[in-house]
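Student: Sharing model-v9.txt, compact mmCIF, C-alpha atoms:
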# COMPACT_ATOMS: atom_id res chain seq x y z
CA MET T 1 -96.88 -25.80 163.58
CA GLY T 2 -97.97 -24.92 160.04
CA LYS T 3 -94.55 -25.85 158.66
CA GLY T 4 -94.57 -29.28 160.26
CA LEU T 5 -97.98 -30.09 158.88
CA GLY T 6 -96.96 -28.98 155.38
CA ILE T 7 -93.92 -31.28 155.37
CA ASP T 8 -96.03 -34.21 156.62
CA VAL T 9 -98.52 -33.67 153.79
CA VAL T 10 -95.75 -33.51 151.17
CA VAL T 11 -94.11 -36.68 152.52
CA ALA T 12 -97.48 -38.48 152.53
CA MET T 13 -98.12 -37.38 148.93
CA VAL T 14 -94.68 -38.59 147.82
CA ILE T 15 -95.23 -41.97 149.50
CA ALA T 16 -98.68 -42.26 147.90
CA LEU T 17 -97.26 -41.34 144.48
CA VAL T 18 -94.47 -43.94 144.80
CA GLY T 19 -97.09 -46.52 145.80
CA VAL T 20 -99.25 -45.73 142.77
CA LEU T 21 -96.20 -45.90 140.44
CA LEU T 22 -95.17 -49.29 141.88
CA PHE T 23 -98.74 -50.56 141.43
CA ILE T 24 -98.82 -49.39 137.80
CA GLY T 25 -95.38 -50.94 137.23
CA LEU T 26 -96.60 -54.29 138.54
CA ILE T 27 -99.72 -54.22 136.36
CA THR T 28 -97.99 -53.20 133.12
CA GLY T 29 -94.97 -55.48 133.60
CA THR T 30 -92.38 -52.68 133.39
CA LEU T 31 -91.33 -53.30 136.98
CA GLN T 32 -90.71 -56.97 136.21
CA GLU T 33 -88.66 -56.02 133.13
CA SER T 34 -86.60 -53.57 135.19
CA LEU T 35 -85.98 -56.14 137.92
CA THR T 36 -85.01 -58.72 135.30
CA MET T 37 -82.52 -56.29 133.73
CA LEU T 38 -81.08 -55.51 137.19
CA TYR T 39 -80.83 -59.23 138.01
CA CYS T 40 -79.18 -60.11 134.69
CA GLY T 41 -76.71 -57.22 134.84
CA SER T 42 -75.69 -58.14 138.39
CA TYR T 43 -75.51 -61.86 137.60
CA ILE T 44 -73.27 -61.34 134.57
CA ARG T 45 -70.94 -58.94 136.47
CA ILE T 46 -70.61 -61.29 139.44
CA ALA T 47 -70.13 -64.35 137.20
CA GLY T 48 -67.36 -62.50 135.36
CA LEU T 49 -65.50 -61.86 138.63
CA MET T 50 -65.47 -65.50 139.70
CA PRO T 51 -62.27 -67.36 138.83
CA SER T 52 -63.13 -70.58 137.05
CA SER T 53 -61.93 -72.65 134.15
CA GLU T 54 -65.20 -72.20 132.28
CA ASN T 55 -67.78 -69.46 132.23
CA PRO T 56 -70.94 -70.14 134.23
CA SER T 57 -74.10 -70.60 132.21
CA ILE T 58 -76.27 -67.53 131.84
CA PRO T 59 -80.00 -68.01 132.54
CA ASP T 60 -82.25 -68.05 129.47
CA VAL T 61 -84.13 -64.99 130.67
CA CYS T 62 -80.84 -63.03 130.45
CA VAL T 63 -79.88 -64.38 127.02
CA TYR T 64 -83.22 -63.91 125.29
CA GLY T 65 -84.78 -61.19 127.44
CA LYS T 66 -87.73 -63.44 128.17
CA PRO T 67 -88.41 -67.15 128.51
CA LEU T 68 -88.37 -68.77 125.09
CA GLU T 69 -91.86 -69.52 123.71
CA THR T 70 -92.24 -73.20 122.93
CA PHE T 71 -94.91 -74.56 120.59
CA ARG T 72 -95.78 -78.13 119.69
CA ILE T 73 -96.53 -79.02 116.09
CA GLU T 74 -98.70 -82.12 116.07
CA GLU T 75 -98.83 -82.61 112.33
CA SER T 76 -97.02 -84.87 109.86
CA ASP T 77 -98.26 -83.50 106.52
CA ASN T 78 -95.45 -81.72 104.65
CA LYS T 79 -97.59 -78.86 103.37
CA LYS T 80 -99.20 -78.17 106.73
CA VAL T 81 -95.90 -78.22 108.61
CA SER T 82 -94.30 -76.00 105.94
CA ARG T 83 -97.17 -73.51 106.27
CA MET T 84 -96.85 -73.54 110.08
CA MET T 85 -93.09 -73.03 109.82
CA LEU T 86 -93.66 -70.04 107.53
CA SER T 87 -96.16 -68.52 109.96
CA TYR T 88 -93.60 -68.74 112.79
CA ILE T 89 -90.88 -67.26 110.55
CA ILE T 90 -93.10 -64.32 109.55
CA SER T 91 -94.22 -63.81 113.14
CA CYS T 92 -90.59 -63.73 114.30
CA TRP T 93 -89.73 -61.20 111.59
CA ASP T 94 -92.68 -59.01 112.62
CA LYS T 95 -91.58 -59.13 116.28
CA VAL T 96 -88.03 -58.13 115.35
CA GLU T 97 -89.22 -55.24 113.19
CA ASN T 98 -91.57 -53.97 115.90
CA LEU T 99 -88.93 -54.22 118.62
CA ARG T 100 -86.21 -52.70 116.36
CA LEU T 101 -83.68 -55.13 117.80
CA GLU T 102 -79.96 -54.65 117.46
CA LYS T 103 -78.99 -58.06 118.81
CA ASP T 104 -79.76 -61.73 118.21
CA TYR T 105 -83.20 -62.72 119.44
CA ALA T 106 -84.73 -66.17 119.88
CA CYS T 107 -88.41 -66.15 118.96
CA TYR T 108 -89.65 -69.71 119.14
CA GLU T 109 -88.73 -73.27 119.92
CA LEU T 110 -90.83 -75.68 117.89
CA VAL T 111 -91.28 -79.25 119.05
CA LEU T 112 -92.35 -81.65 116.31
CA THR T 113 -94.36 -84.50 117.82
CA GLU T 114 -94.81 -86.39 114.55
CA THR T 115 -92.34 -87.53 111.92
CA VAL T 116 -92.47 -85.24 108.89
CA VAL T 117 -90.99 -85.86 105.49
CA ASN T 118 -89.04 -83.43 103.33
CA VAL T 119 -89.86 -80.06 104.91
CA ASN T 120 -87.26 -77.70 103.50
CA GLU T 121 -86.61 -74.07 102.64
CA GLY T 122 -87.95 -74.63 99.13
CA ASN T 123 -91.33 -75.85 100.42
CA VAL T 124 -91.63 -72.91 102.82
CA SER T 125 -90.55 -70.43 100.12
CA HIS T 126 -93.04 -71.86 97.63
CA ILE T 127 -95.86 -71.14 100.09
CA LEU T 128 -94.37 -67.69 100.77
CA ILE T 129 -94.42 -66.85 97.06
CA LYS T 130 -97.83 -68.40 96.33
CA GLU T 131 -99.79 -67.12 99.34
CA ASP T 132 -97.92 -64.12 100.71
CA HIS T 133 -96.38 -62.83 97.46
CA CYS T 134 -93.19 -62.00 99.40
CA SER T 135 -94.87 -59.09 101.16
CA SER T 136 -93.96 -60.15 104.74
CA ILE T 137 -90.38 -61.34 104.32
CA GLU T 138 -88.01 -61.94 101.41
CA ASN T 139 -86.03 -65.03 100.40
CA SER T 140 -83.87 -64.29 97.38
CA ASP T 141 -82.61 -67.89 97.26
CA TYR T 142 -86.00 -68.83 95.79
CA GLY T 143 -86.80 -65.73 93.72
CA CYS T 144 -88.74 -63.98 96.44
CA GLY T 145 -87.36 -60.44 96.70
CA ALA T 146 -83.82 -59.08 96.68
CA LYS T 147 -82.73 -60.08 100.20
CA ASP T 148 -82.11 -63.45 101.78
CA GLN T 149 -84.03 -63.00 105.02
CA ILE T 150 -84.68 -66.70 105.66
CA VAL T 151 -81.66 -68.88 106.34
CA TRP T 152 -82.20 -72.60 106.72
CA ALA T 153 -79.58 -74.03 109.10
CA VAL T 154 -81.16 -77.47 109.42
CA ASP T 155 -78.96 -80.55 109.34
CA GLY T 156 -78.92 -81.75 105.73
CA GLY T 157 -81.23 -78.89 104.70
CA VAL T 158 -84.34 -81.03 105.21
CA ILE T 159 -86.54 -81.58 108.24
CA ASN T 160 -87.31 -85.28 108.41
CA THR T 161 -86.76 -86.51 111.91
CA GLN T 162 -85.63 -83.41 113.79
CA LYS T 163 -87.78 -83.01 116.84
CA VAL T 164 -86.77 -79.54 118.08
CA LEU T 165 -86.27 -76.47 115.90
CA LEU T 166 -85.25 -72.96 116.87
CA ILE T 167 -86.54 -69.89 115.02
CA TYR T 168 -84.43 -66.84 115.81
CA TYR T 169 -83.28 -63.50 114.46
CA ASP T 170 -79.61 -63.30 113.51
CA TYR T 171 -78.72 -59.63 113.88
CA THR T 172 -75.35 -59.89 112.12
CA ASN T 173 -76.91 -61.25 108.93
CA ASP T 174 -80.30 -59.52 109.37
CA CYS T 175 -82.26 -62.70 108.78
CA ILE T 176 -84.48 -65.28 110.45
CA MET T 177 -82.62 -68.52 111.09
CA VAL T 178 -84.33 -71.89 111.21
CA LYS T 179 -81.99 -74.17 113.10
CA GLY T 180 -82.44 -77.83 113.86
Starting from the file, lay out its structure as structure tokens.

Tutor:
Amino acid sequence: MGKGLGIDVVVAMVIALVGVLLFIGLITGTLQESLTMLYCGSYIRIAGLMPSSENPSIPDVCVYGKPLETFRIEESDNKKVSRMMLSYIISCWDKVENLRLEKDYACYELVLTETVVNVNEGNVSHILIKEDHCSSIENSDYGCGAKDQIVWAVDGGVINTQKVLLIYYDYTNDCIMVKG
């Protein structure tokens, strides 16, 4: 009888421990991340097995690792929009450095609600040099450090009427891309 009771206690302790670990996983978000990784891995494997003329689209959560953060910029002044753009660029760079990513990573989608005039890499770099002194990120195209860590991939090089911009980390070139 003593043996049976000992096994029951051990089983109850294991069940309690698993319950506590699941609870902690739910609170900290690690369980959600694990389930997302499991879902994405399974989805991609199954999609690859299906015969079709074109590849099925992969959900955003699998491409970026999380839903893309979208922010609205409700400003039309060139200097203010340039300063906001720089803050998102620096924030993206900080995220990438903290996460030590070895793949492309989309940080932000910016939605411009107003028409802006002549926001370009030069404007953003001028603010970077004047206010940040190139301490957060470098942009050698404008005399700010030795590396070109900001690449402006905006149609025509100038943001005038673009309404949606993407700020992302390009792992291959080790830079933050501004694409519109």

Student: Can you pull out the residues contacting Leu165 in chain T? Cut-off 6 Å, using only C-alpha atoms, and skip same-chain residues under 4 positions away; I want them as a list of chain:residue names.

Tutor: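 Near neighbours after the sequence-gap exclusion: T:Glu109, T:Leu110, T:Lys179, T:Gly180.
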
Student: Can you pull out the residues contacting Phe71 in chain T? Cut-off 12 Å, using all atoms listed in the file, and skip same-chain residues under 3 positions away; I want them as a PDB file with C-alpha atoms, in the frame of the given file.

Tutor:
ATOM      1  CA  LEU T  68     -88.370 -68.770 125.090  1.00  0.00           C
ATOM      2  CA  GLU T  74     -98.700 -82.120 116.070  1.00  0.00           C
ATOM      3  CA  MET T  84     -96.850 -73.540 110.080  1.00  0.00           C
ATOM      4  CA  MET T  85     -93.090 -73.030 109.820  1.00  0.00           C
ATOM      5  CA  TYR T  88     -93.600 -68.740 112.790  1.00  0.00           C
ATOM      6  CA  CYS T 107     -88.410 -66.150 118.960  1.00  0.00           C
ATOM      7  CA  TYR T 108     -89.650 -69.710 119.140  1.00  0.00           C
ATOM      8  CA  GLU T 109     -88.730 -73.270 119.920  1.00  0.00           C
ATOM      9  CA  LEU T 110     -90.830 -75.680 117.890  1.00  0.00           C
ATOM     10  CA  VAL T 111     -91.280 -79.250 119.050  1.00  0.00           C
ATOM     11  CA  LEU T 112     -92.350 -81.650 116.310  1.00  0.00           C
ATOM     12  CA  THR T 113     -94.360 -84.500 117.820  1.00  0.00           C
ATOM     13  CA  LYS T 163     -87.780 -83.010 116.840  1.00  0.00           C
ATOM     14  CA  VAL T 164     -86.770 -79.540 118.080  1.00  0.00           C
ATOM     15  CA  LEU T 165     -86.270 -76.470 115.900  1.00  0.00           C
ATOM     16  CA  LEU T 166     -85.250 -72.960 116.870  1.00  0.00           C
ATOM     17  CA  ILE T 167     -86.540 -69.890 115.020  1.00  0.00           C
TER      18      ILE T 167
END

Student: So that all listed atoms of range 71-81 of chain T fit with 4 Å spare on each side, what axis-aligned box centre and edge lengths in Å, to one decimal, would you give as lines of an AutoDock Vina configuration file?

Tutor:
center_x = -97.1
center_y = -79.7
center_z = 112.0
size_x = 12.3
size_y = 18.3
size_z = 25.2

Student: Of the candidates T:Ser91, T:Ser82, T:Asn160, T:Asn98, which shows the shortest atom-to-atom distance to Ser125 in chain T, using only C-alpha atoms?

Tutor: T:Ser82

Student: Of the residues T:Ser136, T:Thr36, T:Thr172, T:Asn78, which is the one nearest to Trp93 in chain T, using only C-alpha atoms?

Tutor: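 Closest to Trp93 in chain T of all the choices is T:Ser136.
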
Student: Given all atoms listed in the file as the basis, pick out the residue of T:Gly156, T:Lys80, T:Asp148, T:Asp170 nearest to Leu101 in chain T.

Tutor: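 For Leu101 in chain T, the nearest of the given residues is T:Asp170.
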
Student: With a distance cut-off of 10 Å and only C-alpha atoms, select the neighbouring residues of range 140-145 of chain T, excluding the residue or stretch itself and same-chain residues fewer than 2 positions from it, and output the selection as a list in words.

Tutor: Glu121, Gly122, Asn123, Val124, Ser125, His126, Leu128, Ile129, His133, Cys134, Ser135, Ile137, Glu138, Lys147, Asp148, Gln149, Ile150 and Val151 of chain T

Student: When you draw a straight line from CA of Lys95 in chain T to CA of Asn173 in chain T, how long is it in Å?

Tutor: 16.5 Å

Student: Find the distance between CA of Val158 in chain T and CA of Val96 in chain T and write it in Å to one decimal.

Tutor: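 Separating CA of Val158 in chain T from CA of Val96 in chain T is a distance of 25.3 Å.
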
Student: Select, from T:Asp77, T:Glu131, T:Glu102, T:Glu97, the residue with the minimum atom-to-atom distance to Glu114 in chain T, counting only C-alpha atoms.

Tutor: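 Residue with the minimum atom-to-atom distance to Glu114 in chain T: T:Asp77.
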